[in-house]
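Text of the file protein_36.pdb, holding PDB, C-alpha atoms, pLDDT in the B column:
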ATOM      1  CA  MET V 948       0.000   0.000   0.000  1.00 83.00           C
ATOM      2  CA  ARG V 949       1.119   3.539  -0.668  1.00 88.00           C
ATOM      3  CA  GLY V 950       1.178   6.091   2.128  1.00 89.00           C
ATOM      4  CA  GLU V 951       2.765   9.244   3.479  1.00 89.00           C
ATOM      5  CA  VAL V 952       4.944   9.718   6.560  1.00 89.00           C
ATOM      6  CA  LEU V 953       3.206  12.013   9.040  1.00 85.00           C
ATOM      7  CA  HIS V 954       5.962  11.917  11.632  1.00 84.00           C
ATOM      8  CA  TYR V 955       9.092   9.896  12.352  1.00 86.00           C
ATOM      9  CA  ASP V 956      11.323  10.265  15.428  1.00 80.00           C
ATOM     10  CA  GLU V 957      14.845   9.209  14.440  1.00 80.00           C
ATOM     11  CA  ASP V 958      15.994   8.978  18.093  1.00 75.00           C
ATOM     12  CA  GLN V 959      13.146   6.742  19.273  1.00 71.00           C
ATOM     13  CA  GLY V 960      12.777   4.960  15.939  1.00 78.00           C
ATOM     14  CA  PHE V 961       9.004   5.364  15.929  1.00 80.00           C
ATOM     15  CA  GLY V 962       6.589   7.087  13.560  1.00 83.00           C
ATOM     16  CA  PHE V 963       3.211   7.257  11.817  1.00 83.00           C
ATOM     17  CA  ILE V 964       2.021   6.793   8.248  1.00 87.00           C
ATOM     18  CA  THR V 965      -1.288   7.761   6.671  1.00 86.00           C
ATOM     19  CA  GLY V 966      -2.189   5.070   4.153  1.00 83.00           C
ATOM     20  CA  ALA V 967      -3.962   5.492   0.843  1.00 83.00           C
ATOM     21  CA  ASP V 968      -6.998   3.891   2.515  1.00 78.00           C
ATOM     22  CA  GLY V 969      -7.234   6.898   4.865  1.00 77.00           C
ATOM     23  CA  ASN V 970      -6.176   4.958   7.977  1.00 80.00           C
ATOM     24  CA  ARG V 971      -3.225   5.769  10.202  1.00 80.00           C
ATOM     25  CA  TYR V 972      -0.500   3.174  10.829  1.00 83.00           C
ATOM     26  CA  THR V 973       2.402   3.055  13.281  1.00 82.00           C
ATOM     27  CA  PHE V 974       5.866   1.866  12.339  1.00 85.00           C
ATOM     28  CA  THR V 975       9.244   1.448  14.010  1.00 85.00           C
ATOM     29  CA  ARG V 976      12.844   1.416  12.844  1.00 83.00           C
ATOM     30  CA  GLU V 977      12.636  -2.378  12.618  1.00 81.00           C
ATOM     31  CA  ASN V 978       9.775  -2.050  10.099  1.00 85.00           C
ATOM     32  CA  LEU V 979      11.965  -0.177   7.587  1.00 89.00           C
ATOM     33  CA  ARG V 980      13.193  -2.258   4.659  1.00 83.00           C
ATOM     34  CA  ARG V 981      16.527  -0.494   4.993  1.00 83.00           C
ATOM     35  CA  PRO V 982      17.816   2.314   7.270  1.00 83.00           C
ATOM     36  CA  THR V 983      16.928   5.593   5.577  1.00 82.00           C
ATOM     37  CA  PRO V 984      15.815   9.093   6.616  1.00 85.00           C
ATOM     38  CA  MET V 985      12.027   9.485   6.797  1.00 84.00           C
ATOM     39  CA  PRO V 986      11.219  13.216   6.768  1.00 88.00           C
ATOM     40  CA  ASN V 987       7.605  14.280   7.126  1.00 86.00           C
ATOM     41  CA  GLY V 988       5.741  14.031   3.831  1.00 87.00           C
ATOM     42  CA  THR V 989       7.861  11.177   2.446  1.00 89.00           C
ATOM     43  CA  THR V 990       5.829   8.959   0.108  1.00 91.00           C
ATOM     44  CA  VAL V 991       6.322   5.304   0.999  1.00 89.00           C
ATOM     45  CA  GLU V 992       5.142   1.812   0.163  1.00 88.00           C
ATOM     46  CA  PHE V 993       4.386  -0.613   3.011  1.00 87.00           C
ATOM     47  CA  GLN V 994       2.521  -3.723   4.089  1.00 85.00           C
ATOM     48  CA  ALA V 995      -0.400  -3.002   6.447  1.00 82.00           C
ATOM     49  CA  GLY V 996      -1.666  -5.248   9.200  1.00 76.00           C
ATOM     50  CA  GLY V 997      -3.244  -4.733  12.605  1.00 69.00           C
ATOM     51  CA  GLY V 998      -2.765  -0.977  12.545  1.00 75.00           C
ATOM     52  CA  GLN V 999       0.974  -1.320  11.896  1.00 80.00           C
ATOM     53  CA  ALA V1000       3.031  -0.677   8.769  1.00 85.00           C
ATOM     54  CA  ARG V1001       5.721  -3.208   7.860  1.00 84.00           C
ATOM     55  CA  ASP V1002       8.377  -3.437   5.148  1.00 86.00           C
ATOM     56  CA  VAL V1003       8.351   0.349   4.748  1.00 89.00           C
ATOM     57  CA  PHE V1004      10.442   1.952   2.018  1.00 88.00           C
ATOM     58  CA  PRO V1005      10.348   5.307   0.198  1.00 90.00           C
ATOM     59  CA  THR V1006       9.024   5.243  -3.352  1.00 85.00           C
ATOM     60  CA  ALA V1007      11.447   7.881  -4.645  1.00 66.00           C
ATOM     61  CA  ALA V1008      14.557   9.721  -3.543  1.00 52.00           C
ATOM     62  CA  GLN V1009      13.768  12.679  -1.309  1.00 49.00           C
ATOM     63  CA  PRO V1010      15.341  16.109  -1.873  1.00 47.00           C
ATOM     64  CA  THR V1011      18.320  16.803   0.401  1.00 45.00           C
ATOM     65  CA  GLY V1012      17.912  20.580   0.558  1.00 47.00           C
ATOM     66  CA  PRO V1013      16.132  23.589  -0.918  1.00 50.00           C
ATOM     67  CA  ALA V1014      17.032  24.803  -4.387  1.00 49.00           C
ATOM     68  CA  VAL V1015      18.889  28.136  -4.397  1.00 50.00           C
ATOM     69  CA  ASP V1016      18.600  30.920  -6.946  1.00 50.00           C
ATOM     70  CA  ALA V1017      21.979  31.220  -8.668  1.00 50.00           C
ATOM     71  CA  GLY V1018      21.747  35.000  -8.964  1.00 53.00           C
ATOM     72  CA  THR V1019      20.691  36.016  -5.445  1.00 54.00           C
ATOM     73  CA  GLY V1020      21.726  33.006  -3.365  1.00 53.00           C
ATOM     74  CA  ALA V1021      18.223  32.924  -1.848  1.00 53.00           C
ATOM     75  CA  PRO V1022      15.879  29.929  -1.962  1.00 53.00           C
ATOM     76  CA  SER V1023      14.082  29.760  -5.272  1.00 49.00           C
ATOM     77  CA  ALA V1024      10.339  30.324  -5.602  1.00 49.00           C
ATOM     78  CA  GLN V1025       9.906  26.619  -6.323  1.00 48.00           C
ATOM     79  CA  ALA V1026      11.740  25.700  -3.124  1.00 47.00           C
ATOM     80  CA  VAL V1027       9.620  28.129  -1.098  1.00 45.00           C
ATOM     81  CA  SER V1028       6.359  26.840  -2.558  1.00 47.00           C
ATOM     82  CA  ARG V1029       7.254  23.156  -2.116  1.00 50.00           C
ATOM     83  CA  PRO V1030       6.686  23.060   1.689  1.00 49.00           C
ATOM     84  CA  LEU V1031       3.354  24.835   1.236  1.00 48.00           C
ATOM     85  CA  ALA V1032       2.258  22.300  -1.370  1.00 46.00           C
ATOM     86  CA  ALA V1033       3.467  19.452   0.821  1.00 46.00           C
ATOM     87  CA  ALA V1034       1.518  20.829   3.779  1.00 48.00           C
ATOM     88  CA  ALA V1035      -1.645  21.076   1.687  1.00 46.00           C
ATOM     89  CA  GLN V1036      -1.148  17.534   0.413  1.00 45.00           C
ATOM     90  CA  ALA V1037      -0.552  16.259   3.959  1.00 42.00           C
ATOM     91  CA  GLN V1038      -3.747  17.927   5.147  1.00 43.00           C
ATOM     92  CA  HIS V1039      -5.702  16.317   2.308  1.00 40.00           C
ATOM     93  CA  PHE V1040      -3.980  12.977   2.739  1.00 39.00           C
ATOM     94  CA  GLY V1041      -3.833  12.982   6.535  1.00 37.00           C
ATOM     95  CA  ARG V1042      -6.350  13.182   9.350  1.00 38.00           C
ATOM     96  CA  SER V1043      -9.006  14.971   7.315  1.00 36.00           C
ATOM     97  CA  ALA V1044      -9.027  12.038   4.876  1.00 35.00           C
ATOM     98  CA  GLU V1045      -9.553   9.424   7.579  1.00 40.00           C
ATOM     99  CA  PRO V1046     -12.945   7.832   6.994  1.00 44.00           C
ATOM    100  CA  GLY V1047     -15.604   8.521   9.592  1.00 46.00           C
ATOM    101  CA  GLU V1048     -13.453   9.909  12.404  1.00 59.00           C
ATOM    102  CA  PRO V1049     -16.245   9.656  14.987  1.00 63.00           C
ATOM    103  CA  THR V1050     -16.987  12.175  17.715  1.00 67.00           C
ATOM    104  CA  ASP V1051     -20.240  10.655  19.000  1.00 83.00           C
ATOM    105  CA  LEU V1052     -20.620   7.635  21.278  1.00 89.00           C
ATOM    106  CA  TRP V1053     -22.399   5.468  18.702  1.00 89.00           C
ATOM    107  CA  GLY V1054     -19.705   6.257  16.118  1.00 89.00           C
ATOM    108  CA  TYR V1055     -17.008   5.021  18.497  1.00 90.00           C
ATOM    109  CA  PHE V1056     -18.978   1.827  19.164  1.00 93.00           C
ATOM    110  CA  TRP V1057     -19.576   1.141  15.482  1.00 92.00           C
ATOM    111  CA  ARG V1058     -15.954   1.780  14.543  1.00 91.00           C
ATOM    112  CA  GLY V1059     -14.901  -0.594  17.333  1.00 91.00           C
ATOM    113  CA  LEU V1060     -16.975  -3.368  15.746  1.00 93.00           C
ATOM    114  CA  THR V1061     -15.874  -2.658  12.166  1.00 92.00           C
ATOM    115  CA  GLN V1062     -12.596  -0.849  11.479  1.00 89.00           C
ATOM    116  CA  ASN V1063     -11.012  -1.757  14.836  1.00 90.00           C
ATOM    117  CA  TYR V1064     -12.297  -5.319  15.192  1.00 93.00           C
ATOM    118  CA  PHE V1065      -8.767  -6.771  15.322  1.00 92.00           C
ATOM    119  CA  ASN V1066      -6.955  -3.555  16.255  1.00 92.00           C
ATOM    120  CA  PHE V1067      -4.698  -3.800  19.319  1.00 93.00           C
ATOM    121  CA  ALA V1068      -2.459  -0.891  18.318  1.00 90.00           C
ATOM    122  CA  GLY V1069      -2.872   2.824  18.872  1.00 90.00           C
ATOM    123  CA  ARG V1070      -4.789   4.673  21.570  1.00 93.00           C
ATOM    124  CA  ALA V1071      -8.416   5.108  22.689  1.00 93.00           C
ATOM    125  CA  ARG V1072      -9.568   8.134  24.670  1.00 92.00           C
ATOM    126  CA  ARG V1073     -11.996   7.809  27.583  1.00 94.00           C
ATOM    127  CA  LYS V1074     -14.970   8.951  25.495  1.00 93.00           C
ATOM    128  CA  GLU V1075     -14.268   6.272  22.899  1.00 93.00           C
ATOM    129  CA  TYR V1076     -13.928   3.550  25.545  1.00 95.00           C
ATOM    130  CA  TRP V1077     -17.060   4.451  27.501  1.00 95.00           C
ATOM    131  CA  GLY V1078     -19.058   5.069  24.329  1.00 94.00           C
ATOM    132  CA  TYR V1079     -18.239   1.531  23.266  1.00 96.00           C
ATOM    133  CA  CYS V1080     -19.144   0.146  26.714  1.00 96.00           C
ATOM    134  CA  LEU V1081     -22.456   2.033  26.790  1.00 96.00           C
ATOM    135  CA  PHE V1082     -23.730   0.738  23.467  1.00 96.00           C
ATOM    136  CA  TRP V1083     -22.311  -2.720  24.137  1.00 97.00           C
ATOM    137  CA  VAL V1084     -24.531  -2.955  27.211  1.00 97.00           C
ATOM    138  CA  VAL V1085     -27.510  -1.530  25.288  1.00 97.00           C
ATOM    139  CA  CYS V1086     -27.061  -4.091  22.495  1.00 96.00           C
ATOM    140  CA  LEU V1087     -26.670  -6.922  24.995  1.00 96.00           C
ATOM    141  CA  LEU V1088     -29.953  -5.933  26.669  1.00 97.00           C
ATOM    142  CA  ILE V1089     -31.686  -5.800  23.288  1.00 97.00           C
ATOM    143  CA  VAL V1090     -30.331  -9.222  22.305  1.00 96.00           C
ATOM    144  CA  GLY V1091     -31.335 -10.624  25.684  1.00 95.00           C
ATOM    145  CA  GLY V1092     -34.798  -9.097  25.380  1.00 95.00           C
ATOM    146  CA  ILE V1093     -35.296 -10.664  21.953  1.00 95.00           C
ATOM    147  CA  GLY V1094     -34.195 -14.005  23.349  1.00 93.00           C
ATOM    148  CA  ILE V1095     -36.580 -13.822  26.320  1.00 93.00           C
ATOM    149  CA  PHE V1096     -39.491 -12.779  24.092  1.00 93.00           C
ATOM    150  CA  THR V1097     -38.763 -15.687  21.756  1.00 92.00           C
ATOM    151  CA  ASP V1098     -38.448 -18.191  24.596  1.00 88.00           C
ATOM    152  CA  VAL V1099     -41.760 -17.009  26.063  1.00 88.00           C
ATOM    153  CA  ALA V1100     -43.470 -17.273  22.677  1.00 87.00           C
ATOM    154  CA  LEU V1101     -42.120 -20.798  22.197  1.00 84.00           C
ATOM    155  CA  GLY V1102     -43.031 -21.821  25.726  1.00 79.00           C
ATOM    156  CA  ASN V1103     -39.458 -22.746  26.539  1.00 73.00           C
ATOM    157  CA  PHE V1104     -39.748 -21.520  30.125  1.00 73.00           C
ATOM    158  CA  ASP V1105     -42.422 -24.152  30.717  1.00 72.00           C
ATOM    159  CA  SER V1106     -40.284 -27.008  29.432  1.00 70.00           C
ATOM    160  CA  ASP V1107     -36.902 -28.591  30.015  1.00 68.00           C
ATOM    161  CA  VAL V1108     -35.430 -26.428  27.226  1.00 67.00           C
ATOM    162  CA  SER V1109     -35.721 -23.394  29.528  1.00 74.00           C
ATOM    163  CA  ALA V1110     -34.132 -20.194  28.094  1.00 83.00           C
ATOM    164  CA  ALA V1111     -32.295 -21.867  25.225  1.00 86.00           C
ATOM    165  CA  VAL V1112     -32.808 -19.038  22.719  1.00 90.00           C
ATOM    166  CA  THR V1113     -31.806 -16.348  25.228  1.00 92.00           C
ATOM    167  CA  VAL V1114     -28.641 -18.196  26.224  1.00 92.00           C
ATOM    168  CA  GLY V1115     -27.764 -18.881  22.600  1.00 93.00           C
ATOM    169  CA  LEU V1116     -28.237 -15.296  21.410  1.00 95.00           C
ATOM    170  CA  CYS V1117     -26.415 -13.744  24.374  1.00 95.00           C
ATOM    171  CA  GLY V1118     -23.586 -16.258  24.088  1.00 95.00           C
ATOM    172  CA  THR V1119     -23.165 -15.532  20.386  1.00 96.00           C
ATOM    173  CA  PHE V1120     -23.140 -11.788  21.036  1.00 96.00           C
ATOM    174  CA  LEU V1121     -20.513 -12.133  23.771  1.00 97.00           C
ATOM    175  CA  LEU V1122     -18.267 -14.237  21.539  1.00 97.00           C
ATOM    176  CA  ALA V1123     -18.683 -11.889  18.564  1.00 96.00           C
ATOM    177  CA  THR V1124     -17.731  -8.817  20.593  1.00 96.00           C
ATOM    178  CA  PHE V1125     -14.909 -10.340  22.637  1.00 96.00           C
ATOM    179  CA  LEU V1126     -12.045  -9.298  20.349  1.00 96.00           C
ATOM    180  CA  PRO V1127     -13.165  -5.698  19.686  1.00 95.00           C
ATOM    181  CA  GLY V1128     -13.821  -5.229  23.413  1.00 96.00           C
ATOM    182  CA  LEU V1129     -10.394  -6.593  24.283  1.00 96.00           C
ATOM    183  CA  GLY V1130      -8.768  -4.360  21.662  1.00 95.00           C
ATOM    184  CA  MET V1131     -10.629  -1.318  23.011  1.00 96.00           C
ATOM    185  CA  THR V1132      -9.347  -1.983  26.537  1.00 96.00           C
ATOM    186  CA  VAL V1133      -5.794  -2.510  25.295  1.00 96.00           C
ATOM    187  CA  ARG V1134      -5.902   0.801  23.378  1.00 95.00           C
ATOM    188  CA  ARG V1135      -7.310   2.527  26.497  1.00 96.00           C
ATOM    189  CA  LEU V1136      -4.303   1.269  28.460  1.00 96.00           C
ATOM    190  CA  HIS V1137      -2.018   2.556  25.699  1.00 95.00           C
ATOM    191  CA  ASP V1138      -3.720   5.947  25.953  1.00 94.00           C
ATOM    192  CA  ILE V1139      -2.594   6.362  29.575  1.00 94.00           C
ATOM    193  CA  GLY V1140       0.921   5.166  28.765  1.00 93.00           C
ATOM    194  CA  LEU V1141       0.609   1.553  29.948  1.00 94.00           C
ATOM    195  CA  SER V1142       1.247  -1.736  28.189  1.00 94.00           C
ATOM    196  CA  GLY V1143      -1.792  -3.653  26.981  1.00 93.00           C
ATOM    197  CA  TRP V1144      -0.446  -6.730  28.774  1.00 95.00           C
ATOM    198  CA  LEU V1145      -1.639  -5.158  32.020  1.00 94.00           C
ATOM    199  CA  TYR V1146      -5.119  -6.296  30.996  1.00 95.00           C
ATOM    200  CA  LEU V1147      -4.103  -9.652  32.469  1.00 95.00           C
ATOM    201  CA  VAL V1148      -4.655  -8.209  35.960  1.00 95.00           C
ATOM    202  CA  ILE V1149      -8.367  -8.822  35.314  1.00 94.00           C
ATOM    203  CA  PHE V1150      -7.702 -12.450  36.270  1.00 94.00           C
ATOM    204  CA  ILE V1151      -6.847 -11.384  39.834  1.00 94.00           C
ATOM    205  CA  PRO V1152      -9.851 -12.511  41.896  1.00 91.00           C
ATOM    206  CA  THR V1153     -12.071  -9.700  43.218  1.00 87.00           C
ATOM    207  CA  PHE V1154      -9.642  -6.846  42.547  1.00 93.00           C
ATOM    208  CA  GLY V1155      -8.740  -7.400  38.890  1.00 93.00           C
ATOM    209  CA  SER V1156     -11.882  -5.822  37.433  1.00 93.00           C
ATOM    210  CA  LEU V1157     -11.597  -2.878  39.829  1.00 95.00           C
ATOM    211  CA  ILE V1158      -8.034  -2.228  38.675  1.00 95.00           C
ATOM    212  CA  ILE V1159      -9.130  -2.202  35.029  1.00 95.00           C
ATOM    213  CA  LEU V1160     -11.970   0.178  35.952  1.00 95.00           C
ATOM    214  CA  VAL V1161      -9.498   2.585  37.569  1.00 95.00           C
ATOM    215  CA  PHE V1162      -7.283   2.444  34.461  1.00 95.00           C
ATOM    216  CA  ALA V1163     -10.303   3.118  32.227  1.00 95.00           C
ATOM    217  CA  LEU V1164     -11.203   6.229  34.255  1.00 95.00           C
ATOM    218  CA  MET V1165      -7.734   7.786  34.065  1.00 94.00           C
ATOM    219  CA  PRO V1166      -7.323  10.799  31.736  1.00 93.00           C
ATOM    220  CA  THR V1167      -5.472  10.674  28.437  1.00 92.00           C
ATOM    221  CA  GLN V1168      -1.698  11.042  28.596  1.00 90.00           C
ATOM    222  CA  ALA V1169      -1.291  14.574  27.286  1.00 85.00           C
ATOM    223  CA  ARG V1170       1.572  13.857  24.912  1.00 86.00           C
ATOM    224  CA  GLU V1171       2.577  11.529  22.158  1.00 86.00           C
ATOM    225  CA  ASN V1172       3.740   8.166  23.453  1.00 89.00           C
ATOM    226  CA  GLN V1173       5.090   4.985  21.900  1.00 89.00           C
ATOM    227  CA  TRP V1174       1.584   3.875  20.897  1.00 89.00           C
ATOM    228  CA  GLY V1175       0.655   7.005  18.967  1.00 88.00           C
ATOM    229  CA  PRO V1176      -0.253  10.694  19.124  1.00 86.00           C
ATOM    230  CA  VAL V1177      -2.879  12.169  21.426  1.00 85.00           C
ATOM    231  CA  PRO V1178      -6.288  11.008  20.102  1.00 84.00           C
ATOM    232  CA  ALA V1179      -8.336  13.498  18.102  1.00 76.00           C
ATOM    233  CA  GLY V1180     -10.784  15.566  20.130  1.00 71.00           C
ATOM    234  CA  VAL V1181      -8.838  15.507  23.411  1.00 75.00           C
ATOM    235  CA  ARG V1182      -8.439  18.947  24.972  1.00 69.00           C
ATOM    236  CA  LEU V1183      -4.940  19.373  26.381  1.00 58.00           C
TER     237      LEU V1183
END
Let me see whether you can do it: turn the structure in this file into structure tokens.
Amino acid sequence: MRGEVLHYDEDQGFGFITGADGNRYTFTRENLRRPTPMPNGTTVEFQAGGGQARDVFPTAAQPTGPAVDAGTGAPSAQAVSRPLAAAAQAQHFGRSAEPGEPTDLWGYFWRGLTQNYFNFAGRARRKEYWGYCLFWVVCLLIVGGIGIFTDVALGNFDSDVSAAVTVGLCGTFLLATFLPGLGMTVRRLHDIGLSGWLYLVIFIPTFGSLIILVFALMPTQARENQWGPVPAGVRL
């Protein structure tokens, strides 16, 4: 896939690419096909997967410096206009081109079930996390209500079958939403500067869920970290 480098930190060996599909991908020094400078605006080719860019390489040689007018020694008009054109292209190709950047709770929930179904990279602000949780609970209640209504209509509560439809529908819903819910929690941990592996504390009896709840309530880390920039819409 073709994309454009939004930012690359040479010291930390970490950066971001906006792909031709409008999505943002992270990459590290290890993901470069060969060591090479990656200034902002560099056009690259890469392999995308799980929110990360791999096998990244520039598609053409990048200019090493501004052209200079031979008569005056000042940067030429072409050299002066190039950064402006690059900035305009980056704006068109960058965040504004990302499809459906949601700001409402339902939009966050729907993106979690579609675009971010297998996404364990990047960051999720508190509004995104709790928007997902809210509509997840609403959908679970709706699915459960449909199951109960169906079981009542079929007379299952009066037989040995009991609430078979309700259990089946709710179980299917829980399985279908397990991965996006896990990914959302991992990205929420990334957003406060913690490793997603800390989700494993949920297996601590009694206290594990409370620890995850405290993490989920913590405010966004107000700076770029190793998992990405500050999420859109966060007031710093």
Suppose a student applies the PyMOL selection byres ((chain V and resi 1133-1141) around 12) to this structure; what residues should they get, written as a compact mmCIF listing (two decimals) with C-alpha atoms, in the frame of the given file?
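Contents of the output file result-v8.txt:
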# COMPACT_ATOMS: atom_id res chain seq x y z
CA GLY V 998 -2.76 -0.98 12.54
CA GLY V 1059 -14.90 -0.59 17.33
CA ASN V 1063 -11.01 -1.76 14.84
CA PHE V 1065 -8.77 -6.77 15.32
CA ASN V 1066 -6.96 -3.56 16.26
CA PHE V 1067 -4.70 -3.80 19.32
CA ALA V 1068 -2.46 -0.89 18.32
CA GLY V 1069 -2.87 2.82 18.87
CA ARG V 1070 -4.79 4.67 21.57
CA ALA V 1071 -8.42 5.11 22.69
CA ARG V 1072 -9.57 8.13 24.67
CA ARG V 1073 -12.00 7.81 27.58
CA LYS V 1074 -14.97 8.95 25.50
CA GLU V 1075 -14.27 6.27 22.90
CA TYR V 1076 -13.93 3.55 25.54
CA TRP V 1077 -17.06 4.45 27.50
CA TYR V 1079 -18.24 1.53 23.27
CA LEU V 1126 -12.04 -9.30 20.35
CA PRO V 1127 -13.16 -5.70 19.69
CA GLY V 1128 -13.82 -5.23 23.41
CA LEU V 1129 -10.39 -6.59 24.28
CA GLY V 1130 -8.77 -4.36 21.66
CA MET V 1131 -10.63 -1.32 23.01
CA THR V 1132 -9.35 -1.98 26.54
CA SER V 1142 1.25 -1.74 28.19
CA GLY V 1143 -1.79 -3.65 26.98
CA TRP V 1144 -0.45 -6.73 28.77
CA LEU V 1145 -1.64 -5.16 32.02
CA TYR V 1146 -5.12 -6.30 31.00
CA LEU V 1147 -4.10 -9.65 32.47
CA ILE V 1158 -8.03 -2.23 38.67
CA ILE V 1159 -9.13 -2.20 35.03
CA LEU V 1160 -11.97 0.18 35.95
CA VAL V 1161 -9.50 2.58 37.57
CA PHE V 1162 -7.28 2.44 34.46
CA ALA V 1163 -10.30 3.12 32.23
CA LEU V 1164 -11.20 6.23 34.26
CA MET V 1165 -7.73 7.79 34.06
CA PRO V 1166 -7.32 10.80 31.74
CA THR V 1167 -5.47 10.67 28.44
CA GLN V 1168 -1.70 11.04 28.60
CA ALA V 1169 -1.29 14.57 27.29
CA ARG V 1170 1.57 13.86 24.91
CA GLU V 1171 2.58 11.53 22.16
CA ASN V 1172 3.74 8.17 23.45
CA GLN V 1173 5.09 4.99 21.90
CA TRP V 1174 1.58 3.88 20.90
CA GLY V 1175 0.66 7.00 18.97
CA PRO V 1176 -0.25 10.69 19.12
CA VAL V 1177 -2.88 12.17 21.43
CA PRO V 1178 -6.29 11.01 20.10
CA ALA V 1179 -8.34 13.50 18.10
CA VAL V 1181 -8.84 15.51 23.41
* Could you work out how far atom CA of V:Leu953 lies from atom CA of V:Trp1053, giving the answer in Å with one decimal? ->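 These two atoms are separated by 28.1 Å.
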Exercise for the section: Between atom CA of V:Thr1119 and atom CA of V:Asp1105, measure the distance and give it in Å to one decimal. Expected result: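 Separation of atom CA of V:Thr1119 and atom CA of V:Asp1105: 23.5 Å.
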### atom CA of V:Gln1062 to atom CA of V:Leu979, straight-line distance in Å
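It comes out at 24.9 Å.
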message: With distances taken over only C-alpha atoms, which residue among V:Leu1122, V:Val1148, V:Ile964, V:Leu1116 lies nearest V:Ala995?
response: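 The closest residue to V:Ala995 is V:Ile964.
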I'd like to know which of V:Ala967, V:Val1003, V:Val1084, V:Leu1121 is closest to V:Thr983, using only C-alpha atoms.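 Among V:Ala967, V:Val1003, V:Val1084, V:Leu1121, it is V:Val1003 that comes nearest to V:Thr983.
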